[in-house]
Amino acid sequence: MPEPILRKSAIIVEEIHHEGGPVASAPLKRAAALSVIQNPYAGRYVEEITSFMDDLKPLGLKMARDLIDALGGDPSVVEGYGKGAIIGAAGELEHGALWHAPGGYSMREVLPASMAIVPSTKKIGGPGTRLDVPITHTNASYVRSHFDAMEVGLNDSPRADEMLLVLVMTTGPRIHNRAGGLKASEVVGKDGLR
């Protein structure tokens, strides 16, 4: 397959200072990189599609690096991540599944402490569809303080023959987290869970 045909991209950065409680000493930053590409399989069933995952790797790495830049350029500040895809109406859900490996591995490649599996979601939708991208701690999936989500979408995407690919990174836990469980400071970081 040829490299992905990119129509547009966007970076969204949120700074959360409080959620109704005291103002945090440092705001939580959540950032999303979105890329809208042509779906090479739109409108037809193709049996063998896995080769497109290799074609998506360079885009995944660029998006991951762009996110780190948007969060200040230091990968060590990233504590949470997630990924997702919205597939246009002429595609199928399985086309979004092709983003799992290149999207996840790209973030794990650029983040020093990233043993945890990258949570993911995908769905079929038209222009303006929103997606709640799940987020967990980069090094231990059981850290409850980092269970989060970021809603993303673009008003004109995806068109029927497109896919909107998303990577998300965060700089810490939910602002007023107090649900208990394993603390980030207690992470051993050997199995991706604890």
# chains A, B, ... in the order shown; residues from 1 in each chain; ligands from 1
$ select_by_dssp --residues "range 29-175 of chain A" --states "strand (DSSP E or B)" --output "number ranges by chain"
A: 29-38, 80-87, 120-124, 131-137, 148-152, 154, 157, 162-170
$ closest_atom_pairs --of "range 33-147 of chain A" --to "range 174-180 of chain A" --cutoff "9 Å" --atoms "only C-alpha atoms" --output "tab-separated table"
residue	atom	partner	partner_atom	distance
A:Val143	CA	A:Gly180	CA	8.9
A:Arg144	CA	A:Gly180	CA	7.0
A:Ser145	CA	A:Asn177	CA	5.5
A:His146	CA	A:Arg174	CA	6.1
A:Phe147	CA	A:Arg174	CA	7.6
$ closest_residue --among "A:Glu186, A:Glu151, A:Glu48, A:Asp66" --to "Ser35 in chain A" --atoms "only C-alpha atoms"
A:Asp66
$ closest_residue --among "A:Asn155, A:Thr171, A:Thr50, A:Ser25" --to "Gly128 in chain A" --atoms "only C-alpha atoms"
A:Asn155
$ closest_residue --among "A:Ile5, A:Leu71, A:Ile87, A:Ala10" --to "Gly125 in chain A" --atoms "only C-alpha atoms"
A:Ile87
$ select_by_dssp --residues "range 29-127 of chain A" --states "helix (DSSP H, G or I)" --output "number ranges by chain"
A: 51-70, 75-77, 93-97, 100-110
$ atom_distance --atom1 "CA of Ser76 in chain A" --atom2 "CA of Lys29 in chain A"
13.5 Å
$ closest_residue --among "A:Met163, A:Met169, A:Met53, A:Ala89" --to "Ala149 in chain A" --atoms "only C-alpha atoms"
A:Met169
$ residues_around --residues "Pro75 in chain A" --least-positions-apart "4" --cutoff "8 Å" --atoms "only C-alpha atoms" --output "JSON, numbers by chain"
{"A": [68, 110, 111, 112]}
$ atom_distance --atom1 "CA of His137 in chain A" --atom2 "CA of Ala116 in chain A"
7.2 Å
$ closest_residue --among "A:Leu34, A:Val187, A:Val133, A:Leu93" --to "Gly60 in chain A" --atoms "only C-alpha atoms"
A:Leu34
$ residues_around --residues "Asp148 in chain A" --least-positions-apart "5" --cutoff "7 Å" --atoms "only C-alpha atoms" --output "ChimeraX atom specification"
/A:134-136,174
$ atom_distance --atom1 "CA of Leu6 in chain A" --atom2 "CA of Thr138 in chain A"
27.7 Å
$ closest_residue --among "A:Gly91, A:Pro22, A:Gly126, A:Gly72" --to "Tyr41 in chain A" --atoms "only C-alpha atoms"
A:Gly91
